[in-house]
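Source file: query_14.txt. Holds: compact mmCIF, all heavy atoms.
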```txt
# COMPACT_ATOMS: atom_id res chain seq x y z
N MET A 10 157.51 -108.72 29.13
CA MET A 10 158.40 -109.49 29.98
C MET A 10 159.30 -110.36 29.11
O MET A 10 158.86 -110.91 28.12
CB MET A 10 157.59 -110.37 30.94
CG MET A 10 158.47 -111.19 31.86
SD MET A 10 157.57 -112.29 32.97
CE MET A 10 156.55 -111.16 33.84
N SER A 11 160.52 -110.47 29.49
CA SER A 11 161.47 -111.29 28.75
C SER A 11 161.05 -112.75 28.81
O SER A 11 160.56 -113.24 29.81
CB SER A 11 162.86 -111.13 29.36
OG SER A 11 163.75 -112.04 28.77
N GLU A 12 161.25 -113.46 27.72
CA GLU A 12 160.89 -114.87 27.66
C GLU A 12 162.07 -115.76 28.05
O GLU A 12 162.08 -116.92 27.72
CB GLU A 12 160.41 -115.21 26.26
CG GLU A 12 159.10 -114.55 25.89
CD GLU A 12 157.95 -114.97 26.79
OE1 GLU A 12 157.84 -116.17 27.10
OE2 GLU A 12 157.17 -114.09 27.17
N LYS A 13 163.06 -115.21 28.72
CA LYS A 13 164.22 -116.00 29.13
C LYS A 13 163.83 -117.02 30.18
O LYS A 13 162.92 -116.81 30.96
CB LYS A 13 165.30 -115.09 29.66
CG LYS A 13 165.74 -114.09 28.61
CD LYS A 13 167.14 -113.69 28.80
CE LYS A 13 167.44 -112.72 27.68
NZ LYS A 13 168.72 -112.72 27.21
N ILE A 14 164.53 -118.11 30.19
CA ILE A 14 164.28 -119.20 31.13
C ILE A 14 165.34 -119.17 32.22
O ILE A 14 166.52 -118.97 31.94
CB ILE A 14 164.31 -120.56 30.40
CG1 ILE A 14 163.17 -120.61 29.38
CG2 ILE A 14 164.24 -121.71 31.39
CD1 ILE A 14 163.22 -121.82 28.49
N ALA A 15 164.92 -119.38 33.45
CA ALA A 15 165.84 -119.47 34.57
C ALA A 15 165.64 -120.83 35.24
O ALA A 15 164.51 -121.28 35.41
CB ALA A 15 165.58 -118.36 35.57
N ILE A 16 166.71 -121.48 35.58
CA ILE A 16 166.66 -122.78 36.25
C ILE A 16 166.87 -122.54 37.74
O ILE A 16 167.79 -121.82 38.13
CB ILE A 16 167.76 -123.73 35.72
CG1 ILE A 16 167.67 -123.88 34.20
CG2 ILE A 16 167.71 -125.07 36.44
CD1 ILE A 16 166.42 -124.54 33.70
N ARG A 17 166.01 -123.12 38.55
CA ARG A 17 166.11 -122.99 40.00
C ARG A 17 166.02 -124.37 40.63
O ARG A 17 165.30 -125.25 40.16
CB ARG A 17 164.99 -122.12 40.57
CG ARG A 17 165.09 -120.66 40.18
CD ARG A 17 166.30 -120.05 40.87
NE ARG A 17 166.39 -118.63 40.70
CZ ARG A 17 167.14 -118.01 39.79
NH1 ARG A 17 167.86 -118.72 38.94
NH2 ARG A 17 167.20 -116.70 39.74
N LYS A 18 166.73 -124.55 41.74
CA LYS A 18 166.71 -125.79 42.50
C LYS A 18 165.72 -125.63 43.66
O LYS A 18 165.63 -124.56 44.25
CB LYS A 18 168.12 -126.04 43.05
CG LYS A 18 168.31 -127.33 43.77
CD LYS A 18 169.77 -127.46 44.17
CE LYS A 18 170.03 -128.79 44.82
NZ LYS A 18 171.44 -128.92 45.20
N VAL A 19 164.99 -126.70 43.98
CA VAL A 19 164.11 -126.66 45.14
C VAL A 19 165.00 -126.47 46.36
O VAL A 19 165.99 -127.17 46.56
CB VAL A 19 163.29 -127.97 45.26
CG1 VAL A 19 162.50 -127.99 46.55
CG2 VAL A 19 162.35 -128.11 44.06
N GLN A 20 164.66 -125.47 47.19
CA GLN A 20 165.51 -125.09 48.31
C GLN A 20 165.30 -125.95 49.57
O GLN A 20 166.26 -126.27 50.24
CB GLN A 20 165.27 -123.62 48.68
CG GLN A 20 165.66 -122.67 47.58
CD GLN A 20 167.15 -122.62 47.35
OE1 GLN A 20 167.92 -122.56 48.30
NE2 GLN A 20 167.57 -122.66 46.11
N ALA A 21 164.04 -126.26 49.90
CA ALA A 21 163.78 -126.97 51.15
C ALA A 21 162.37 -127.52 51.17
O ALA A 21 161.50 -127.06 50.44
CB ALA A 21 163.96 -126.01 52.33
N TYR A 22 162.15 -128.48 52.04
CA TYR A 22 160.81 -128.92 52.36
C TYR A 22 160.32 -128.02 53.49
O TYR A 22 161.07 -127.72 54.41
CB TYR A 22 160.79 -130.37 52.85
CG TYR A 22 160.95 -131.38 51.75
CD1 TYR A 22 162.17 -131.98 51.50
CD2 TYR A 22 159.87 -131.72 50.96
CE1 TYR A 22 162.32 -132.91 50.49
CE2 TYR A 22 160.01 -132.65 49.94
CZ TYR A 22 161.23 -133.25 49.72
OH TYR A 22 161.37 -134.15 48.71
N SER A 23 159.08 -127.59 53.41
CA SER A 23 158.48 -126.77 54.46
C SER A 23 157.31 -127.55 55.04
O SER A 23 156.20 -127.47 54.54
CB SER A 23 158.00 -125.43 53.89
OG SER A 23 159.07 -124.71 53.34
N GLY A 24 157.57 -128.34 56.04
CA GLY A 24 156.53 -129.18 56.60
C GLY A 24 156.30 -130.38 55.70
O GLY A 24 157.15 -130.78 54.93
N GLU A 25 155.10 -130.94 55.79
CA GLU A 25 154.79 -132.15 55.03
C GLU A 25 154.05 -131.86 53.73
O GLU A 25 153.88 -132.74 52.91
CB GLU A 25 153.94 -133.09 55.89
CG GLU A 25 154.68 -133.63 57.09
CD GLU A 25 153.85 -134.61 57.88
OE1 GLU A 25 152.90 -135.19 57.31
OE2 GLU A 25 154.17 -134.81 59.05
N ARG A 26 153.61 -130.60 53.51
CA ARG A 26 152.75 -130.32 52.36
C ARG A 26 153.32 -129.30 51.39
O ARG A 26 152.68 -128.96 50.41
CB ARG A 26 151.40 -129.83 52.87
CG ARG A 26 150.69 -130.87 53.73
CD ARG A 26 149.37 -130.40 54.23
NE ARG A 26 148.46 -130.23 53.11
CZ ARG A 26 147.25 -129.76 53.23
NH1 ARG A 26 146.80 -129.39 54.39
NH2 ARG A 26 146.48 -129.63 52.18
N SER A 27 154.51 -128.78 51.64
CA SER A 27 155.03 -127.69 50.80
C SER A 27 156.51 -127.87 50.48
O SER A 27 157.25 -128.49 51.24
CB SER A 27 154.86 -126.35 51.52
OG SER A 27 153.52 -126.06 51.78
N LEU A 28 156.91 -127.28 49.37
CA LEU A 28 158.31 -127.15 48.98
C LEU A 28 158.59 -125.66 48.83
O LEU A 28 157.70 -124.88 48.49
CB LEU A 28 158.59 -127.84 47.64
CG LEU A 28 158.44 -129.35 47.60
CD1 LEU A 28 158.57 -129.84 46.16
CD2 LEU A 28 159.48 -130.00 48.46
N THR A 29 159.82 -125.28 49.01
CA THR A 29 160.21 -123.89 48.85
C THR A 29 161.07 -123.74 47.60
O THR A 29 162.04 -124.48 47.43
CB THR A 29 161.02 -123.41 50.07
OG1 THR A 29 160.22 -123.57 51.24
CG2 THR A 29 161.42 -121.96 49.94
N ILE A 30 160.70 -122.80 46.73
CA ILE A 30 161.53 -122.45 45.58
C ILE A 30 161.78 -120.95 45.64
O ILE A 30 161.06 -120.21 46.31
CB ILE A 30 160.88 -122.83 44.24
CG1 ILE A 30 159.54 -122.11 44.04
CG2 ILE A 30 160.71 -124.34 44.12
CD1 ILE A 30 158.97 -122.25 42.65
N VAL A 31 162.78 -120.51 44.94
CA VAL A 31 163.10 -119.09 44.88
C VAL A 31 162.88 -118.60 43.46
O VAL A 31 163.40 -119.16 42.51
CB VAL A 31 164.57 -118.84 45.31
CG1 VAL A 31 164.92 -117.38 45.18
CG2 VAL A 31 164.79 -119.34 46.73
N LEU A 32 162.06 -117.55 43.32
CA LEU A 32 161.82 -116.97 42.00
C LEU A 32 162.98 -116.07 41.62
O LEU A 32 163.53 -115.37 42.48
CB LEU A 32 160.55 -116.12 42.02
CG LEU A 32 159.24 -116.82 42.34
CD1 LEU A 32 158.12 -115.79 42.42
CD2 LEU A 32 158.93 -117.86 41.30
N PRO A 33 163.33 -116.03 40.35
CA PRO A 33 164.33 -115.06 39.91
C PRO A 33 163.83 -113.64 40.24
O PRO A 33 162.65 -113.31 40.01
CB PRO A 33 164.41 -115.28 38.41
CG PRO A 33 163.97 -116.69 38.21
CD PRO A 33 162.90 -116.90 39.25
N LYS A 34 164.68 -112.83 40.81
CA LYS A 34 164.30 -111.48 41.24
C LYS A 34 163.71 -110.66 40.09
O LYS A 34 162.72 -109.95 40.27
CB LYS A 34 165.52 -110.75 41.82
CG LYS A 34 165.20 -109.41 42.39
CD LYS A 34 166.42 -108.78 43.04
CE LYS A 34 166.09 -107.43 43.63
NZ LYS A 34 167.26 -106.83 44.26
N ILE A 35 164.27 -110.77 38.91
CA ILE A 35 163.78 -109.99 37.76
C ILE A 35 162.33 -110.35 37.44
O ILE A 35 161.53 -109.47 37.12
CB ILE A 35 164.70 -110.15 36.52
CG1 ILE A 35 164.30 -109.17 35.44
CG2 ILE A 35 164.68 -111.57 36.00
CD1 ILE A 35 164.76 -107.77 35.67
N PHE A 36 161.96 -111.64 37.57
CA PHE A 36 160.58 -112.05 37.32
C PHE A 36 159.66 -111.46 38.38
O PHE A 36 158.59 -110.94 38.07
CB PHE A 36 160.44 -113.57 37.33
CG PHE A 36 161.14 -114.29 36.20
CD1 PHE A 36 161.11 -115.67 36.14
CD2 PHE A 36 161.83 -113.62 35.21
CE1 PHE A 36 161.74 -116.37 35.11
CE2 PHE A 36 162.46 -114.29 34.18
CZ PHE A 36 162.41 -115.67 34.13
N ALA A 37 160.05 -111.57 39.65
CA ALA A 37 159.24 -111.04 40.74
C ALA A 37 159.05 -109.53 40.61
O ALA A 37 157.95 -109.01 40.79
CB ALA A 37 159.88 -111.38 42.08
N GLU A 38 160.11 -108.82 40.27
CA GLU A 38 160.02 -107.37 40.11
C GLU A 38 159.07 -107.00 38.98
O GLU A 38 158.24 -106.10 39.12
CB GLU A 38 161.40 -106.77 39.86
CG GLU A 38 162.27 -106.74 41.09
CD GLU A 38 163.68 -106.27 40.80
OE1 GLU A 38 164.11 -106.26 39.61
OE2 GLU A 38 164.38 -105.90 41.77
N LYS A 39 159.17 -107.68 37.86
CA LYS A 39 158.32 -107.36 36.71
C LYS A 39 156.85 -107.66 36.99
O LYS A 39 155.98 -107.02 36.42
CB LYS A 39 158.80 -108.11 35.46
CG LYS A 39 160.08 -107.53 34.92
CD LYS A 39 160.44 -108.15 33.61
CE LYS A 39 161.70 -107.48 33.07
NZ LYS A 39 161.82 -107.57 31.65
N MET A 40 156.59 -108.63 37.87
CA MET A 40 155.21 -108.97 38.21
C MET A 40 154.71 -108.24 39.46
O MET A 40 153.57 -108.42 39.86
CB MET A 40 155.08 -110.48 38.40
CG MET A 40 155.28 -111.25 37.11
SD MET A 40 154.95 -113.00 37.31
CE MET A 40 153.20 -112.96 37.63
N GLY A 41 155.57 -107.45 40.09
CA GLY A 41 155.17 -106.73 41.29
C GLY A 41 154.98 -107.62 42.50
O GLY A 41 154.18 -107.34 43.38
N ILE A 42 155.73 -108.71 42.57
CA ILE A 42 155.63 -109.64 43.68
C ILE A 42 156.70 -109.29 44.72
O ILE A 42 157.87 -109.13 44.39
CB ILE A 42 155.84 -111.10 43.21
CG1 ILE A 42 154.72 -111.50 42.24
CG2 ILE A 42 155.91 -112.05 44.39
CD1 ILE A 42 154.97 -112.82 41.54
N GLY A 43 156.26 -109.17 45.97
CA GLY A 43 157.18 -108.85 47.05
C GLY A 43 156.90 -109.70 48.27
O GLY A 43 155.92 -110.46 48.33
N LYS A 44 157.75 -109.56 49.28
CA LYS A 44 157.62 -110.31 50.53
C LYS A 44 156.23 -110.08 51.13
O LYS A 44 155.76 -108.95 51.20
CB LYS A 44 158.70 -109.86 51.51
CG LYS A 44 158.69 -110.65 52.79
CD LYS A 44 159.81 -110.21 53.70
CE LYS A 44 159.79 -111.02 54.98
NZ LYS A 44 160.87 -110.63 55.88
N GLY A 45 155.58 -111.17 51.50
CA GLY A 45 154.27 -111.08 52.12
C GLY A 45 153.11 -111.17 51.15
O GLY A 45 151.96 -111.31 51.56
N ASP A 46 153.38 -111.07 49.85
CA ASP A 46 152.31 -111.18 48.85
C ASP A 46 151.81 -112.62 48.77
O ASP A 46 152.54 -113.56 49.09
CB ASP A 46 152.81 -110.77 47.46
CG ASP A 46 153.00 -109.27 47.32
OD1 ASP A 46 152.44 -108.51 48.14
OD2 ASP A 46 153.70 -108.86 46.38
N PHE A 47 150.58 -112.77 48.33
CA PHE A 47 150.00 -114.09 48.11
C PHE A 47 150.07 -114.42 46.63
O PHE A 47 149.93 -113.54 45.78
CB PHE A 47 148.54 -114.13 48.59
CG PHE A 47 148.42 -114.11 50.09
CD1 PHE A 47 148.34 -112.91 50.75
CD2 PHE A 47 148.40 -115.29 50.81
CE1 PHE A 47 148.23 -112.88 52.14
CE2 PHE A 47 148.29 -115.27 52.19
CZ PHE A 47 148.21 -114.06 52.85
N LEU A 48 150.29 -115.71 46.34
CA LEU A 48 150.38 -116.17 44.96
C LEU A 48 149.37 -117.27 44.71
O LEU A 48 149.10 -118.09 45.58
CB LEU A 48 151.79 -116.72 44.67
CG LEU A 48 152.94 -115.75 44.93
CD1 LEU A 48 154.27 -116.48 44.74
CD2 LEU A 48 152.86 -114.56 44.02
N LYS A 49 148.80 -117.27 43.51
CA LYS A 49 147.94 -118.36 43.05
C LYS A 49 148.82 -119.32 42.26
O LYS A 49 149.61 -118.88 41.42
CB LYS A 49 146.83 -117.84 42.15
CG LYS A 49 145.86 -116.92 42.83
CD LYS A 49 144.68 -116.58 41.94
CE LYS A 49 145.09 -115.65 40.82
NZ LYS A 49 143.95 -115.17 40.01
N VAL A 50 148.68 -120.60 42.54
CA VAL A 50 149.50 -121.61 41.86
C VAL A 50 148.57 -122.70 41.33
O VAL A 50 147.70 -123.19 42.05
CB VAL A 50 150.52 -122.24 42.84
CG1 VAL A 50 151.38 -123.27 42.14
CG2 VAL A 50 151.39 -121.16 43.48
N HIS A 51 148.73 -123.04 40.04
CA HIS A 51 147.94 -124.12 39.47
C HIS A 51 148.72 -124.79 38.34
O HIS A 51 149.73 -124.26 37.89
CB HIS A 51 146.56 -123.63 39.00
CG HIS A 51 146.61 -122.71 37.82
ND1 HIS A 51 146.81 -121.37 37.94
CD2 HIS A 51 146.48 -122.96 36.50
CE1 HIS A 51 146.79 -120.81 36.74
NE2 HIS A 51 146.60 -121.76 35.85
N LEU A 52 148.23 -125.95 37.94
CA LEU A 52 148.86 -126.70 36.85
C LEU A 52 148.09 -126.49 35.56
O LEU A 52 146.87 -126.45 35.56
CB LEU A 52 148.88 -128.19 37.18
CG LEU A 52 149.77 -128.62 38.34
CD1 LEU A 52 149.54 -130.09 38.65
CD2 LEU A 52 151.22 -128.36 38.02
N GLU A 53 148.83 -126.36 34.48
CA GLU A 53 148.29 -126.35 33.13
C GLU A 53 149.08 -127.38 32.34
O GLU A 53 150.18 -127.10 31.88
CB GLU A 53 148.42 -124.97 32.48
CG GLU A 53 147.45 -123.94 33.01
CD GLU A 53 147.54 -122.61 32.28
OE1 GLU A 53 148.26 -122.51 31.25
OE2 GLU A 53 146.89 -121.67 32.75
N GLY A 54 148.53 -128.58 32.27
CA GLY A 54 149.26 -129.67 31.63
C GLY A 54 150.50 -129.99 32.45
O GLY A 54 150.40 -130.29 33.63
N ASP A 55 151.68 -129.86 31.82
CA ASP A 55 152.92 -130.14 32.53
C ASP A 55 153.61 -128.87 33.02
O ASP A 55 154.78 -128.87 33.36
CB ASP A 55 153.87 -130.94 31.65
CG ASP A 55 154.32 -130.18 30.41
OD1 ASP A 55 153.70 -129.15 30.10
OD2 ASP A 55 155.27 -130.62 29.74
N LYS A 56 152.84 -127.75 33.11
CA LYS A 56 153.41 -126.46 33.52
C LYS A 56 152.84 -126.04 34.86
O LYS A 56 151.64 -126.18 35.12
CB LYS A 56 153.11 -125.38 32.49
CG LYS A 56 153.80 -125.64 31.18
CD LYS A 56 153.44 -124.59 30.18
CE LYS A 56 154.16 -124.94 28.89
NZ LYS A 56 153.54 -124.37 27.73
N LEU A 57 153.68 -125.48 35.71
CA LEU A 57 153.27 -124.88 36.96
C LEU A 57 153.11 -123.39 36.71
O LEU A 57 154.06 -122.73 36.28
CB LEU A 57 154.33 -125.11 38.04
CG LEU A 57 154.06 -124.53 39.41
CD1 LEU A 57 152.86 -125.21 40.04
CD2 LEU A 57 155.28 -124.68 40.29
N VAL A 58 151.92 -122.86 36.94
CA VAL A 58 151.63 -121.44 36.68
C VAL A 58 151.52 -120.72 38.01
O VAL A 58 150.78 -121.14 38.90
CB VAL A 58 150.33 -121.29 35.87
CG1 VAL A 58 150.00 -119.83 35.65
CG2 VAL A 58 150.43 -122.04 34.55
N VAL A 59 152.26 -119.63 38.15
CA VAL A 59 152.26 -118.81 39.36
C VAL A 59 151.80 -117.41 39.00
O VAL A 59 152.35 -116.79 38.09
CB VAL A 59 153.68 -118.76 39.98
CG1 VAL A 59 153.69 -117.91 41.25
CG2 VAL A 59 154.22 -120.15 40.26
N GLN A 60 150.77 -116.93 39.72
CA GLN A 60 150.23 -115.60 39.47
C GLN A 60 150.11 -114.86 40.79
O GLN A 60 149.84 -115.48 41.83
CB GLN A 60 148.84 -115.68 38.85
CG GLN A 60 148.81 -116.34 37.50
CD GLN A 60 147.39 -116.56 37.04
OE1 GLN A 60 146.67 -117.35 37.62
NE2 GLN A 60 146.99 -115.82 36.02
N LYS A 61 150.27 -113.55 40.76
CA LYS A 61 150.06 -112.75 41.96
C LYS A 61 148.57 -112.76 42.26
O LYS A 61 147.74 -112.57 41.37
CB LYS A 61 150.56 -111.33 41.75
CG LYS A 61 150.50 -110.49 43.00
CD LYS A 61 151.14 -109.14 42.79
CE LYS A 61 151.06 -108.31 44.05
NZ LYS A 61 151.69 -107.00 43.87
N ALA A 62 148.21 -113.01 43.54
CA ALA A 62 146.80 -113.04 43.93
C ALA A 62 146.38 -111.65 44.39
O ALA A 62 147.13 -110.94 45.05
CB ALA A 62 146.61 -114.04 45.07
N ASP A 63 145.17 -111.28 44.02
CA ASP A 63 144.59 -110.01 44.47
C ASP A 63 143.75 -110.30 45.71
O ASP A 63 142.62 -110.75 45.61
CB ASP A 63 143.71 -109.40 43.37
CG ASP A 63 144.52 -109.04 42.15
OD1 ASP A 63 145.64 -108.52 42.31
OD2 ASP A 63 144.04 -109.27 41.02
N VAL A 64 144.33 -110.06 46.89
CA VAL A 64 143.58 -110.28 48.14
C VAL A 64 143.49 -109.00 48.94
O VAL A 64 144.24 -108.09 48.78
CB VAL A 64 144.22 -111.39 49.01
CG1 VAL A 64 144.02 -112.74 48.37
CG2 VAL A 64 145.68 -111.14 49.28
```
Entire entry expressed as structure tokens:
Amino acid sequence: MSEKIAIRKVQAYSGERSLTIVLPKIFAEKMGIGKGDFLKVHLEGDKLVVQKADV
């Protein structure tokens, strides 16, 4: 996977507990992430880590 960085703006608040961001399409395609998929999200220090969940 390319190590390029993409900057994204937070798109919207979704209720009181969530924010919506948009992943760069190239990242989602390379990770096999599509509409309806579940993602695991956690913090590692000052980094937000997003992984495709196997459910």
Can you pull out every residue from chain A that DSSP, working from the backbone, puts in strand (DSSP E), and format the result as a list in words?
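The residues of chain A classed as strand (DSSP E) are Ala21, Tyr22, Ser23, Ser27, Leu28, Thr29, Leu48, Lys49, Val50, His51, Leu52, Glu53, Lys56, Leu57, Val58, Val59, Gln60 and Lys61 of chain A.
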For CG of Leu28 in chain A and CG1 of Val50 in chain A, the interatomic separation in Å (one decimal)
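Result for CG of Leu28 in chain A versus CG1 of Val50 in chain A: 10.8 Å, one decimal.
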Find the spatial neighbours of range 17-22 of chain A, counting all atoms listed in the file, within a cut-off of 3.5 Å - ignore same-chain residues fewer than 3 positions away - and output them as a list of chain:residue names.
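The neighbour list is A:Leu28, A:Thr29, A:Val31, A:Pro33.
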From a DSSP pass on the backbone, collect the residues of chain A flagged as helix (DSSP H, G or I) and hand them back as a ChimeraX atom specification.
/A:34-40
Please determine, counting only C-alpha atoms, which residue among A:Asp55, A:Ala15, A:Ser27, A:Lys61 has the shortest atom-to-atom distance to Ile42 in chain A.
A:Lys61
